[in-house]
Amino acid sequence: MCGIVAAAAQRDVAPLLIAGLKALEYRGYDSAGLAVLADGQVRRVRAKGKVREMEAAYLADPFPGGTGIAHTRWATHGVPNEANAHPHMVGRVTIVHNGIIENYAALRTELQAKGYAFSSETDTEVMAALIDVNLSKGLSLREAVLATVRELDGAYAIAVMSRDEPGRVVGARRGAPLLVGVGIGEHFLGSDAQALIQVTNKTIYLDEDDVVEITRERAQVYTLDGQPAARDVHESELSADAVERGEYRHYMQKEIFEQPRAVADTLEARIHAHGVLPNIFGVDGEELLAKVKGLHIVACGTSYHAGLVAKYWIEDYARLPVSVEVASEYRYREAVVPADTLFVAISQSGETADTLAAMRESRRRGYLGTLAICNVPESSVVREADLKLMTRAGPEIGVASTKAFTTQLSALALLALHLARQRGLEQARYQDLCAQLLRLPRAIDEALKLEPQIVALAERFVHRHHALFLGRGAHYPVALEGSLKLKEISYIHAEAYPAGELKHGPLALVDEDMPVIAVAPNGPLLDKLKSNLQEVRARGGELVVFADSAAHIDGNAARGVVLRVDAGGEFIAPAVFTVPLQLLAYHVAVLRGTDVDQPRNLAKSVTVE
Ligand code: F6R
């Protein structure tokens, strides 16, 4: 999604803005631009495509100035081209915007009647014109922004400059992230802390509906009614190294290989050989979780798949009913909420518009409480939840989630064990599950050693157009996740089915052109899965089977490959078996030459509906 960087400093800010935009590239975008205010004049440069193309245009004709705003745009209203790229300029106002203004069409008509002409198709230009109208009434930039945002429906994070107010940038947020960076004699705005880590690690997180004014000397936050508000300054633990690609070819590859560490960090000081520590959900956590009679898990994409795995765990071990739903569906229907149900939101970014809206909607529906499983500590989802369990994956830059998923599974495994123990799961069983979870980082490390075999396997997929993924039980969501990875970065059409569903329809697709990838760890369903695989073989389908090393799957049958994966136990197997599927998607995409870290049309943090 769109990214924002802004600065009020004594030095020339264009290079800082460009570096900030580069740190935001992972969010996904299709055009970029920046504007600098100096001596009452605004200079602007914009380009379709990557930040480096905009940077080249800037370097061909650079301009100085200590006040500026910059943007990466992920197209919503209007195609990705230079005219629609931000910053937009109307009258005295220059603006960048992330989000969607829902009442922009009506506002546009009103403004056209007042004589405003628009040069783009964006809702953002409408906002700029409205601020200009308010400036014409004699309001200051801050007052004009406040007056304008009160008229808007929808979601926004904005940074705005006025030609008449040198050295000042005003920001505002509702439903989209924006934070303030506090430097020494300079202040910044950014969509996340990563964008600002090159200049400061001190940040102020804005609340919903906050408006902020930054100058070199100060950053002052205001509430929507115009009252000054105090907000804490946080010191970010993020290091510049955490967002470096290092020796890896892509961020995605780096993040796949970071999983043993990320999972170990997520488990650290939360579980030991005797069990899960009681206080990991915060002071009220244990008491609240003891009352839970059921769970509704809500999330999007990969996070939704993590929720689906958790359903198997929680129902099996804690015997509590669990429903899992994608947030964009949940938020618009009247879900029945039985008494003492816990609402669980899973989100890597903590800013996904649908997940956040679903969580807000849940407040109205009478849940016992809300729990956030999230990777970004100061995100909206975390701040609004009653209980939180942070995944400690570190920044995930590749658009395709990898370490976020396995750390979510780790956190959800802790939740399942905690609930199970509270509900009297037998001690020996409980300790076996804890021991398995503690082995997970090592098991993932072992699975990563399959990379050379997977590089060879990837060759078989380069010219394919379709693929079918199969799994049973908790490995059905793993198959879903494998197919999502393949489709989003290699653009191969992939689908996943519970293997038992094969003959109820998808078997019709199987022929020699349809590779079938099966997730087949040891377990009670293995024999059933083997029968499903026979059905594929009998129809000439090419089989790729990821099997537990102890499983007996015939790898010699014609048109088949079996890769041995040591699951390290039935409980943790879904997390372990995910790893070869991630590697397969990654290497197929590399061979096909796609933009692995920023696949077409996708954004990392989906802050619009
Ligand atoms: C897929 C992927 C997306 C996200 C989804 C939710 O690789 O990354 O499907 O999982 O957009 O994002 P979060 O977890 O940030 O709420």
# chains A, B, ... in the order shown; residues from 1 in each chain; ligands from 1
call {"tool": "select_by_dssp", "arguments": {"residues": "range 18-250 of chain A", "states": "strand (DSSP E or B)", "output": "PyMOL selection string"}}
result
chain A and resi 31-38+41-48+67-73+88-90+93-101+154-162+169-175+179-182+187-190+202-205+211-214+219-222+228-229+234-235
call {"tool": "select_by_dssp", "arguments": {"residues": "range 313-412 of chain A", "states": "alpha helix (DSSP H)", "output": "MDAnalysis selection string"}}
result
chainID A and resid 313 327:330 353:364 380:384 403:412
call {"tool": "closest_atom_pairs", "arguments": {"of": "chain A", "to": "ligand 1", "cutoff": "8 Å", "atoms": "only C-alpha atoms and all ligand atoms", "output": "Markdown table"}}
result
| residue | atom | partner | partner_atom_place_in_ligand_line | distance |
| --- | --- | --- | --- | --- |
| A:Ala299 | CA | ligand 1 | 16 (O) | 6.4 |
| A:Cys300 | CA | ligand 1 | 6 (C) | 4.5 |
| A:Gly301 | CA | ligand 1 | 9 (O) | 3.2 |
| A:Thr302 | CA | ligand 1 | 10 (O) | 3.7 |
| A:Ser303 | CA | ligand 1 | 10 (O) | 4.8 |
| A:Tyr304 | CA | ligand 1 | 10 (O) | 7.2 |
| A:Ile346 | CA | ligand 1 | 14 (O) | 6.4 |
| A:Ser347 | CA | ligand 1 | 14 (O) | 3.4 |
| A:Gln348 | CA | ligand 1 | 14 (O) | 3.6 |
| A:Ser349 | CA | ligand 1 | 15 (O) | 3.6 |
| A:Gly350 | CA | ligand 1 | 15 (O) | 5.7 |
| A:Glu351 | CA | ligand 1 | 15 (O) | 6.4 |
| A:Thr352 | CA | ligand 1 | 16 (O) | 4.6 |
| A:Thr355 | CA | ligand 1 | 16 (O) | 6.4 |
| A:Cys374 | CA | ligand 1 | 14 (O) | 7.6 |
| A:Val399 | CA | ligand 1 | 8 (O) | 5.6 |
| A:Ala400 | CA | ligand 1 | 7 (O) | 3.4 |
| A:Ser401 | CA | ligand 1 | 7 (O) | 3.9 |
| A:Thr402 | CA | ligand 1 | 7 (O) | 7.0 |
| A:Ala404 | CA | ligand 1 | 14 (O) | 7.6 |
| A:Phe405 | CA | ligand 1 | 10 (O) | 7.9 |
| A:Leu484 | CA | ligand 1 | 1 (C) | 6.8 |
| A:Lys485 | CA | ligand 1 | 7 (O) | 6.0 |
| A:Glu488 | CA | ligand 1 | 7 (O) | 7.1 |
| A:Ala603 | CA | ligand 1 | 11 (O) | 7.7 |
| A:Lys604 | CA | ligand 1 | 8 (O) | 6.3 |
| A:Ser605 | CA | ligand 1 | 15 (O) | 5.5 |
| A:Val606 | CA | ligand 1 | 11 (O) | 5.7 |
call {"tool": "write_last_selection", "arguments": {"atoms": "N, CA, C and O atoms", "output": "mmCIF file, in the first residue's frame"}}
result
data_model
loop_
_atom_site.group_PDB
_atom_site.id
_atom_site.type_symbol
_atom_site.label_atom_id
_atom_site.label_comp_id
_atom_site.auth_asym_id
_atom_site.auth_seq_id
_atom_site.Cartn_x
_atom_site.Cartn_y
_atom_site.Cartn_z
ATOM 1 N N ALA A 299 -9.032 -12.997 10.254
ATOM 2 C CA ALA A 299 -7.758 -12.550 9.668
ATOM 3 C C ALA A 299 -7.899 -12.558 8.149
ATOM 4 O O ALA A 299 -8.948 -12.920 7.614
ATOM 5 N N CYS A 300 -6.832 -12.169 7.451
ATOM 6 C CA CYS A 300 -6.826 -12.184 5.982
ATOM 7 C C CYS A 300 -5.598 -12.974 5.484
ATOM 8 O O CYS A 300 -4.553 -12.974 6.137
ATOM 9 N N GLY A 301 -5.743 -13.552 4.289
ATOM 10 C CA GLY A 301 -4.602 -14.131 3.570
ATOM 11 C C GLY A 301 -3.854 -15.169 4.379
ATOM 12 O O GLY A 301 -4.434 -16.102 4.962
ATOM 13 N N THR A 302 -2.549 -14.999 4.410
ATOM 14 C CA THR A 302 -1.684 -15.940 5.118
ATOM 15 C C THR A 302 -2.055 -16.026 6.600
ATOM 16 O O THR A 302 -2.052 -17.113 7.191
ATOM 17 N N SER A 303 -2.401 -14.906 7.191
ATOM 18 C CA SER A 303 -2.759 -14.907 8.618
ATOM 19 C C SER A 303 -4.021 -15.739 8.845
ATOM 20 O O SER A 303 -4.169 -16.399 9.875
ATOM 21 N N TYR A 304 -4.912 -15.699 7.866
ATOM 22 C CA TYR A 304 -6.120 -16.533 7.927
ATOM 23 C C TYR A 304 -5.734 -18.020 7.911
ATOM 24 O O TYR A 304 -6.276 -18.836 8.659
ATOM 25 N N ILE A 346 -5.622 -12.048 13.888
ATOM 26 C CA ILE A 346 -4.228 -12.386 13.549
ATOM 27 C C ILE A 346 -3.813 -11.467 12.409
ATOM 28 O O ILE A 346 -4.497 -11.380 11.390
ATOM 29 N N SER A 347 -2.678 -10.779 12.595
ATOM 30 C CA SER A 347 -2.220 -9.871 11.535
ATOM 31 C C SER A 347 -0.728 -9.631 11.685
ATOM 32 O O SER A 347 -0.265 -9.308 12.780
ATOM 33 N N GLN A 348 0.002 -9.808 10.605
ATOM 34 C CA GLN A 348 1.430 -9.484 10.646
ATOM 35 C C GLN A 348 1.603 -7.998 10.897
ATOM 36 O O GLN A 348 2.288 -7.578 11.818
ATOM 37 N N SER A 349 0.958 -7.183 10.056
ATOM 38 C CA SER A 349 1.179 -5.735 10.092
ATOM 39 C C SER A 349 0.412 -5.045 11.210
ATOM 40 O O SER A 349 0.819 -3.997 11.690
ATOM 41 N N GLY A 350 -0.737 -5.603 11.563
ATOM 42 C CA GLY A 350 -1.597 -4.932 12.544
ATOM 43 C C GLY A 350 -2.305 -3.716 11.977
ATOM 44 O O GLY A 350 -2.921 -2.946 12.722
ATOM 45 N N GLU A 351 -2.229 -3.531 10.658
ATOM 46 C CA GLU A 351 -2.885 -2.368 10.041
ATOM 47 C C GLU A 351 -3.826 -2.789 8.917
ATOM 48 O O GLU A 351 -4.353 -1.925 8.220
ATOM 49 N N THR A 352 -4.021 -4.067 8.701
ATOM 50 C CA THR A 352 -4.880 -4.513 7.609
ATOM 51 C C THR A 352 -6.304 -3.992 7.829
ATOM 52 O O THR A 352 -6.922 -4.260 8.869
ATOM 53 N N THR A 355 -9.147 -6.455 8.805
ATOM 54 C CA THR A 355 -8.967 -7.096 10.117
ATOM 55 C C THR A 355 -9.246 -6.088 11.229
ATOM 56 O O THR A 355 -9.909 -6.392 12.224
ATOM 57 N N CYS A 374 0.109 -10.569 16.631
ATOM 58 C CA CYS A 374 0.564 -9.552 15.694
ATOM 59 C C CYS A 374 2.087 -9.387 15.753
ATOM 60 O O CYS A 374 2.712 -9.715 16.756
ATOM 61 N N VAL A 399 6.809 -9.127 0.121
ATOM 62 C CA VAL A 399 5.345 -9.033 0.166
ATOM 63 C C VAL A 399 4.726 -10.380 0.567
ATOM 64 O O VAL A 399 3.754 -10.432 1.307
ATOM 65 N N ALA A 400 5.311 -11.469 0.083
ATOM 66 C CA ALA A 400 4.776 -12.782 0.439
ATOM 67 C C ALA A 400 5.216 -13.140 1.850
ATOM 68 O O ALA A 400 6.403 -13.240 2.145
ATOM 69 N N SER A 401 4.260 -13.355 2.716
ATOM 70 C CA SER A 401 4.560 -13.656 4.125
ATOM 71 C C SER A 401 5.204 -15.018 4.261
ATOM 72 O O SER A 401 4.699 -16.001 3.709
ATOM 73 N N THR A 402 6.267 -15.085 5.020
ATOM 74 C CA THR A 402 6.921 -16.378 5.286
ATOM 75 C C THR A 402 7.157 -16.521 6.788
ATOM 76 O O THR A 402 6.439 -17.240 7.468
ATOM 77 N N ALA A 404 6.432 -14.468 8.997
ATOM 78 C CA ALA A 404 5.253 -14.024 9.755
ATOM 79 C C ALA A 404 4.341 -15.222 10.018
ATOM 80 O O ALA A 404 3.800 -15.378 11.113
ATOM 81 N N PHE A 405 4.190 -16.096 9.016
ATOM 82 C CA PHE A 405 3.285 -17.250 9.141
ATOM 83 C C PHE A 405 3.785 -18.233 10.208
ATOM 84 O O PHE A 405 3.034 -18.637 11.092
ATOM 85 N N LEU A 484 -1.018 -20.396 -2.101
ATOM 86 C CA LEU A 484 -1.023 -18.918 -2.115
ATOM 87 C C LEU A 484 0.377 -18.399 -2.431
ATOM 88 O O LEU A 484 0.553 -17.475 -3.241
ATOM 89 N N LYS A 485 1.395 -19.010 -1.798
ATOM 90 C CA LYS A 485 2.775 -18.565 -2.059
ATOM 91 C C LYS A 485 3.103 -18.704 -3.541
ATOM 92 O O LYS A 485 3.658 -17.807 -4.156
ATOM 93 N N GLU A 488 1.109 -16.129 -5.757
ATOM 94 C CA GLU A 488 1.384 -14.690 -5.635
ATOM 95 C C GLU A 488 2.759 -14.290 -6.147
ATOM 96 O O GLU A 488 2.927 -13.174 -6.626
ATOM 97 N N ALA A 603 0.284 -5.567 -2.460
ATOM 98 C CA ALA A 603 0.860 -4.634 -1.493
ATOM 99 C C ALA A 603 1.106 -5.387 -0.199
ATOM 100 O O ALA A 603 0.438 -6.374 0.096
ATOM 101 N N LYS A 604 2.063 -4.918 0.559
ATOM 102 C CA LYS A 604 2.410 -5.626 1.797
ATOM 103 C C LYS A 604 1.381 -5.380 2.890
ATOM 104 O O LYS A 604 0.915 -6.291 3.540
ATOM 105 N N SER A 605 1.074 -4.117 3.103
ATOM 106 C CA SER A 605 0.193 -3.800 4.213
ATOM 107 C C SER A 605 -1.087 -3.240 3.595
ATOM 108 O O SER A 605 -1.086 -2.167 3.017
ATOM 109 N N VAL A 606 -2.168 -4.029 3.669
ATOM 110 C CA VAL A 606 -3.359 -3.681 2.901
ATOM 111 C C VAL A 606 -4.249 -2.769 3.746
ATOM 112 O O VAL A 606 -5.169 -3.218 4.416
#
call {"tool": "residues_around", "arguments": {"residues": "range 2-7 of chain A", "least_positions_apart": "3", "cutoff": "8 Å", "atoms": "only C-alpha atoms", "output": "NGL selection string"}}
result
:A and (13 or 17 or 20-21 or 24-25 or 27-29 or 66-74 or 96-99 or 158-159 or 169 or 178 or 186-191 or 195-196)
call {"tool": "residues_around", "arguments": {"residues": "range 458-475 of chain A", "least_positions_apart": "2", "cutoff": "6 Å", "atoms": "only C-alpha atoms", "output": "PyMOL selection string"}}
result
chain A and resi 309+312+454-456+477-479+492-499+514-519+574+587-588
call {"tool": "residues_around", "arguments": {"residues": "His418 in chain A", "least_positions_apart": "5", "cutoff": "10 Å", "atoms": "only C-alpha atoms", "output": "PDB file with all heavy atoms, in the first residue's frame"}}
result
ATOM      1  N   ILE A 271       7.792 -20.381  27.005  1.00  0.00           N
ATOM      2  CA  ILE A 271       7.562 -21.813  27.211  1.00  0.00           C
ATOM      3  C   ILE A 271       8.881 -22.456  27.631  1.00  0.00           C
ATOM      4  O   ILE A 271       9.952 -22.041  27.161  1.00  0.00           O
ATOM      5  CB  ILE A 271       7.014 -22.485  25.920  1.00  0.00           C
ATOM      6  CG1 ILE A 271       6.781 -23.980  26.130  1.00  0.00           C
ATOM      7  CG2 ILE A 271       7.877 -22.220  24.710  1.00  0.00           C
ATOM      8  CD1 ILE A 271       6.053 -24.678  24.979  1.00  0.00           C
ATOM      9  N   GLY A 275       6.204 -26.387  30.588  1.00  0.00           N
ATOM     10  CA  GLY A 275       4.937 -25.829  30.124  1.00  0.00           C
ATOM     11  C   GLY A 275       5.037 -24.385  29.669  1.00  0.00           C
ATOM     12  O   GLY A 275       6.093 -23.767  29.692  1.00  0.00           O
ATOM     13  N   VAL A 276       3.858 -23.881  29.273  1.00  0.00           N
ATOM     14  CA  VAL A 276       3.748 -22.488  28.815  1.00  0.00           C
ATOM     15  C   VAL A 276       3.663 -21.608  30.061  1.00  0.00           C
ATOM     16  O   VAL A 276       2.935 -21.927  31.001  1.00  0.00           O
ATOM     17  CB  VAL A 276       2.471 -22.319  27.959  1.00  0.00           C
ATOM     18  CG1 VAL A 276       2.270 -20.867  27.556  1.00  0.00           C
ATOM     19  CG2 VAL A 276       2.551 -23.211  26.728  1.00  0.00           C
ATOM     20  N   LEU A 277       4.393 -20.503  30.082  1.00  0.00           N
ATOM     21  CA  LEU A 277       4.355 -19.611  31.249  1.00  0.00           C
ATOM     22  C   LEU A 277       2.966 -18.975  31.352  1.00  0.00           C
ATOM     23  O   LEU A 277       2.372 -18.611  30.324  1.00  0.00           O
ATOM     24  CB  LEU A 277       5.426 -18.529  31.124  1.00  0.00           C
ATOM     25  CG  LEU A 277       6.802 -18.963  31.641  1.00  0.00           C
ATOM     26  CD1 LEU A 277       7.392 -20.077  30.802  1.00  0.00           C
ATOM     27  CD2 LEU A 277       7.745 -17.784  31.682  1.00  0.00           C
ATOM     28  N   PRO A 278       2.463 -18.837  32.582  1.00  0.00           N
ATOM     29  CA  PRO A 278       1.066 -18.406  32.735  1.00  0.00           C
ATOM     30  C   PRO A 278       0.801 -16.953  32.338  1.00  0.00           C
ATOM     31  O   PRO A 278      -0.302 -16.610  31.973  1.00  0.00           O
ATOM     32  CB  PRO A 278       0.793 -18.603  34.233  1.00  0.00           C
ATOM     33  CG  PRO A 278       2.126 -18.706  34.876  1.00  0.00           C
ATOM     34  CD  PRO A 278       3.100 -19.184  33.850  1.00  0.00           C
ATOM     35  N   ILE A 280       1.923 -15.005  29.849  1.00  0.00           N
ATOM     36  CA  ILE A 280       2.363 -14.502  28.536  1.00  0.00           C
ATOM     37  C   ILE A 280       1.297 -13.675  27.822  1.00  0.00           C
ATOM     38  O   ILE A 280       1.585 -13.002  26.850  1.00  0.00           O
ATOM     39  CB  ILE A 280       2.859 -15.643  27.608  1.00  0.00           C
ATOM     40  CG1 ILE A 280       1.718 -16.610  27.284  1.00  0.00           C
ATOM     41  CG2 ILE A 280       4.048 -16.347  28.209  1.00  0.00           C
ATOM     42  CD1 ILE A 280       2.101 -17.596  26.183  1.00  0.00           C
ATOM     43  N   PHE A 281       0.079 -13.724  28.301  1.00  0.00           N
ATOM     44  CA  PHE A 281      -0.973 -12.910  27.669  1.00  0.00           C
ATOM     45  C   PHE A 281      -1.249 -11.644  28.479  1.00  0.00           C
ATOM     46  O   PHE A 281      -2.288 -11.021  28.341  1.00  0.00           O
ATOM     47  CB  PHE A 281      -2.258 -13.733  27.520  1.00  0.00           C
ATOM     48  CG  PHE A 281      -2.075 -14.909  26.597  1.00  0.00           C
ATOM     49  CD1 PHE A 281      -1.733 -16.161  27.097  1.00  0.00           C
ATOM     50  CD2 PHE A 281      -2.207 -14.766  25.225  1.00  0.00           C
ATOM     51  CE1 PHE A 281      -1.545 -17.242  26.247  1.00  0.00           C
ATOM     52  CE2 PHE A 281      -2.016 -15.842  24.368  1.00  0.00           C
ATOM     53  CZ  PHE A 281      -1.686 -17.081  24.882  1.00  0.00           C
ATOM     54  N   GLU A 286      -4.509 -14.698  31.950  1.00  0.00           N
ATOM     55  CA  GLU A 286      -4.804 -16.049  32.411  1.00  0.00           C
ATOM     56  C   GLU A 286      -6.259 -16.166  32.871  1.00  0.00           C
ATOM     57  O   GLU A 286      -6.977 -17.104  32.514  1.00  0.00           O
ATOM     58  CB  GLU A 286      -3.846 -16.403  33.545  1.00  0.00           C
ATOM     59  CG  GLU A 286      -3.800 -17.886  33.729  1.00  0.00           C
ATOM     60  CD  GLU A 286      -2.820 -18.320  34.791  1.00  0.00           C
ATOM     61  OE1 GLU A 286      -2.217 -17.461  35.468  1.00  0.00           O
ATOM     62  OE2 GLU A 286      -2.673 -19.543  34.939  1.00  0.00           O
ATOM     63  N   LEU A 289      -8.653 -15.935  29.849  1.00  0.00           N
ATOM     64  CA  LEU A 289      -8.639 -17.148  29.010  1.00  0.00           C
ATOM     65  C   LEU A 289      -9.300 -18.333  29.723  1.00  0.00           C
ATOM     66  O   LEU A 289      -9.864 -19.211  29.074  1.00  0.00           O
ATOM     67  CB  LEU A 289      -7.204 -17.486  28.607  1.00  0.00           C
ATOM     68  CG  LEU A 289      -6.560 -16.500  27.619  1.00  0.00           C
ATOM     69  CD1 LEU A 289      -5.120 -16.884  27.324  1.00  0.00           C
ATOM     70  CD2 LEU A 289      -7.341 -16.411  26.314  1.00  0.00           C
ATOM     71  N   ALA A 290      -9.260 -18.334  31.051  1.00  0.00           N
ATOM     72  CA  ALA A 290      -9.894 -19.438  31.800  1.00  0.00           C
ATOM     73  C   ALA A 290     -11.410 -19.437  31.591  1.00  0.00           C
ATOM     74  O   ALA A 290     -12.065 -20.470  31.703  1.00  0.00           O
ATOM     75  CB  ALA A 290      -9.559 -19.313  33.277  1.00  0.00           C
ATOM     76  N   ILE A 314      -6.620 -26.155  18.631  1.00  0.00           N
ATOM     77  CA  ILE A 314      -7.406 -25.765  19.810  1.00  0.00           C
ATOM     78  C   ILE A 314      -8.572 -26.747  20.015  1.00  0.00           C
ATOM     79  O   ILE A 314      -8.875 -27.151  21.128  1.00  0.00           O
ATOM     80  CB  ILE A 314      -7.892 -24.305  19.687  1.00  0.00           C
ATOM     81  CG1 ILE A 314      -6.680 -23.360  19.677  1.00  0.00           C
ATOM     82  CG2 ILE A 314      -8.829 -23.932  20.830  1.00  0.00           C
ATOM     83  CD1 ILE A 314      -6.992 -21.917  19.298  1.00  0.00           C
ATOM     84  N   TYR A 317      -6.883 -30.208  21.251  1.00  0.00           N
ATOM     85  CA  TYR A 317      -6.214 -30.285  22.560  1.00  0.00           C
ATOM     86  C   TYR A 317      -7.002 -29.608  23.671  1.00  0.00           C
ATOM     87  O   TYR A 317      -6.966 -30.039  24.804  1.00  0.00           O
ATOM     88  CB  TYR A 317      -4.813 -29.661  22.492  1.00  0.00           C
ATOM     89  CG  TYR A 317      -3.960 -30.244  21.382  1.00  0.00           C
ATOM     90  CD1 TYR A 317      -3.207 -29.424  20.550  1.00  0.00           C
ATOM     91  CD2 TYR A 317      -3.914 -31.629  21.169  1.00  0.00           C
ATOM     92  CE1 TYR A 317      -2.433 -29.955  19.527  1.00  0.00           C
ATOM     93  CE2 TYR A 317      -3.146 -32.174  20.151  1.00  0.00           C
ATOM     94  CZ  TYR A 317      -2.420 -31.333  19.323  1.00  0.00           C
ATOM     95  OH  TYR A 317      -1.670 -31.863  18.313  1.00  0.00           O
ATOM     96  N   ALA A 318      -7.678 -28.481  23.357  1.00  0.00           N
ATOM     97  CA  ALA A 318      -8.403 -27.761  24.413  1.00  0.00           C
ATOM     98  C   ALA A 318      -9.889 -28.086  24.374  1.00  0.00           C
ATOM     99  O   ALA A 318     -10.620 -27.728  25.297  1.00  0.00           O
ATOM    100  CB  ALA A 318      -8.180 -26.260  24.273  1.00  0.00           C
ATOM    101  N   LEU A 412       0.222 -19.162  18.072  1.00  0.00           N
ATOM    102  CA  LEU A 412      -1.062 -19.860  18.191  1.00  0.00           C
ATOM    103  C   LEU A 412      -0.888 -21.209  18.889  1.00  0.00           C
ATOM    104  O   LEU A 412      -1.782 -21.665  19.608  1.00  0.00           O
ATOM    105  CB  LEU A 412      -1.684 -20.036  16.804  1.00  0.00           C
ATOM    106  CG  LEU A 412      -2.207 -18.721  16.196  1.00  0.00           C
ATOM    107  CD1 LEU A 412      -2.380 -18.849  14.685  1.00  0.00           C
ATOM    108  CD2 LEU A 412      -3.535 -18.308  16.853  1.00  0.00           C
ATOM    109  N   ALA A 413       0.263 -21.835  18.682  1.00  0.00           N
ATOM    110  CA  ALA A 413       0.545 -23.096  19.377  1.00  0.00           C
ATOM    111  C   ALA A 413       0.625 -22.838  20.889  1.00  0.00           C
ATOM    112  O   ALA A 413       0.112 -23.627  21.696  1.00  0.00           O
ATOM    113  CB  ALA A 413       1.848 -23.703  18.858  1.00  0.00           C
ATOM    114  N   ARG A 423      -7.768 -26.413  30.589  1.00  0.00           N
ATOM    115  CA  ARG A 423      -8.947 -27.270  30.525  1.00  0.00           C
ATOM    116  C   ARG A 423      -8.626 -28.729  30.802  1.00  0.00           C
ATOM    117  O   ARG A 423      -9.359 -29.632  30.426  1.00  0.00           O
ATOM    118  CB  ARG A 423      -9.626 -27.116  29.154  1.00  0.00           C
ATOM    119  CG  ARG A 423     -10.507 -25.886  29.189  1.00  0.00           C
ATOM    120  CD  ARG A 423     -10.578 -25.152  27.896  1.00  0.00           C
ATOM    121  NE  ARG A 423     -11.111 -23.817  28.145  1.00  0.00           N
ATOM    122  CZ  ARG A 423     -10.371 -22.770  28.510  1.00  0.00           C
ATOM    123  NH1 ARG A 423      -9.053 -22.893  28.629  1.00  0.00           N
ATOM    124  NH2 ARG A 423     -10.917 -21.608  28.761  1.00  0.00           N
ATOM    125  N   LEU A 425      -5.900 -30.815  29.967  1.00  0.00           N
ATOM    126  CA  LEU A 425      -5.237 -31.797  29.098  1.00  0.00           C
ATOM    127  C   LEU A 425      -4.276 -32.618  29.948  1.00  0.00           C
ATOM    128  O   LEU A 425      -3.553 -32.084  30.788  1.00  0.00           O
ATOM    129  CB  LEU A 425      -4.464 -31.080  27.981  1.00  0.00           C
ATOM    130  CG  LEU A 425      -3.723 -31.991  27.018  1.00  0.00           C
ATOM    131  CD1 LEU A 425      -4.688 -32.765  26.131  1.00  0.00           C
ATOM    132  CD2 LEU A 425      -2.752 -31.190  26.138  1.00  0.00           C
ATOM    133  N   TYR A 430       0.457 -33.113  27.439  1.00  0.00           N
ATOM    134  CA  TYR A 430       0.806 -31.690  27.436  1.00  0.00           C
ATOM    135  C   TYR A 430       2.322 -31.531  27.336  1.00  0.00           C
ATOM    136  O   TYR A 430       2.827 -30.735  26.536  1.00  0.00           O
ATOM    137  CB  TYR A 430       0.272 -31.060  28.723  1.00  0.00           C
ATOM    138  CG  TYR A 430       0.643 -29.609  28.932  1.00  0.00           C
ATOM    139  CD1 TYR A 430       0.119 -28.612  28.118  1.00  0.00           C
ATOM    140  CD2 TYR A 430       1.506 -29.243  29.968  1.00  0.00           C
ATOM    141  CE1 TYR A 430       0.449 -27.280  28.322  1.00  0.00           C
ATOM    142  CE2 TYR A 430       1.840 -27.917  30.182  1.00  0.00           C
ATOM    143  CZ  TYR A 430       1.316 -26.935  29.353  1.00  0.00           C
ATOM    144  OH  TYR A 430       1.651 -25.628  29.551  1.00  0.00           O
TER     145      TYR A 430
END
call {"tool": "residues_around", "arguments": {"residues": "Thr341 in chain A", "least_positions_apart": "4", "cutoff": "8 Å", "atoms": "only C-alpha atoms", "output": "list in words"}}
result
Val292, Lys293, Gly294, Leu295, His296, Val337, Tyr367, Leu368 and Gly369 of chain A
call {"tool": "write_last_selection", "arguments": {"atoms": "C-alpha atoms", "output": "short mmCIF file (atom, residue, chain, number, x, y, z; two decimals), in the first residue's frame"}}
result
data_model
loop_
_atom_site.label_atom_id
_atom_site.label_comp_id
_atom_site.auth_asym_id
_atom_site.auth_seq_id
_atom_site.Cartn_x
_atom_site.Cartn_y
_atom_site.Cartn_z
CA VAL A 292 -13.31 -18.76 27.35
CA LYS A 293 -15.89 -21.21 25.99
CA GLY A 294 -15.13 -20.73 22.30
CA LEU A 295 -13.04 -18.67 19.85
CA HIS A 296 -13.73 -16.69 16.69
CA VAL A 337 -21.57 -14.92 19.17
CA TYR A 367 -17.34 -10.93 23.01
CA LEU A 368 -15.66 -11.88 26.24
CA GLY A 369 -12.57 -10.02 25.03
#
call {"tool": "atom_distance", "arguments": {"atom1": "CA of Tyr222 in chain A", "atom2": "CA of Val149 in chain A"}}
result
12.6 Å
call {"tool": "closest_residue", "arguments": {"among": "A:Asn84, A:Thr215, A:Gln41, A:Gln253", "to": "Gly183 in chain A", "atoms": "only C-alpha atoms"}}
result
A:Thr215
call {"tool": "closest_residue", "arguments": {"among": "A:Asn522, A:Gln112, A:Ser31, A:Asn103", "to": "Val79 in chain A", "atoms": "only C-alpha atoms"}}
result
A:Ser31
call {"tool": "closest_atom_pairs", "arguments": {"of": "range 253-339 of chain A", "to": "range 379-398 of chain A", "cutoff": "9 Å", "atoms": "only C-alpha atoms", "output": "CSV"}}
result
residue,atom,partner,partner_atom,distance
A:Gln253,CA,A:Gly398,CA,8.6
A:Glu255,CA,A:Glu396,CA,7.0
A:Glu258,CA,A:Ala393,CA,8.3
A:Gln259,CA,A:Ala393,CA,7.8
A:Arg261,CA,A:Ala393,CA,8.3
A:Ala262,CA,A:Ala393,CA,4.7
A:Val263,CA,A:Ala393,CA,7.2
A:Ala264,CA,A:Arg392,CA,8.8
A:Asp265,CA,A:Arg392,CA,5.9
A:Thr266,CA,A:Arg392,CA,4.9
A:Leu267,CA,A:Arg392,CA,8.7
A:Ile280,CA,A:Leu389,CA,7.2
A:Phe281,CA,A:Leu387,CA,6.0
A:Gly282,CA,A:Leu387,CA,6.7
A:Asp284,CA,A:Leu387,CA,8.0
A:Gly285,CA,A:Leu387,CA,6.4
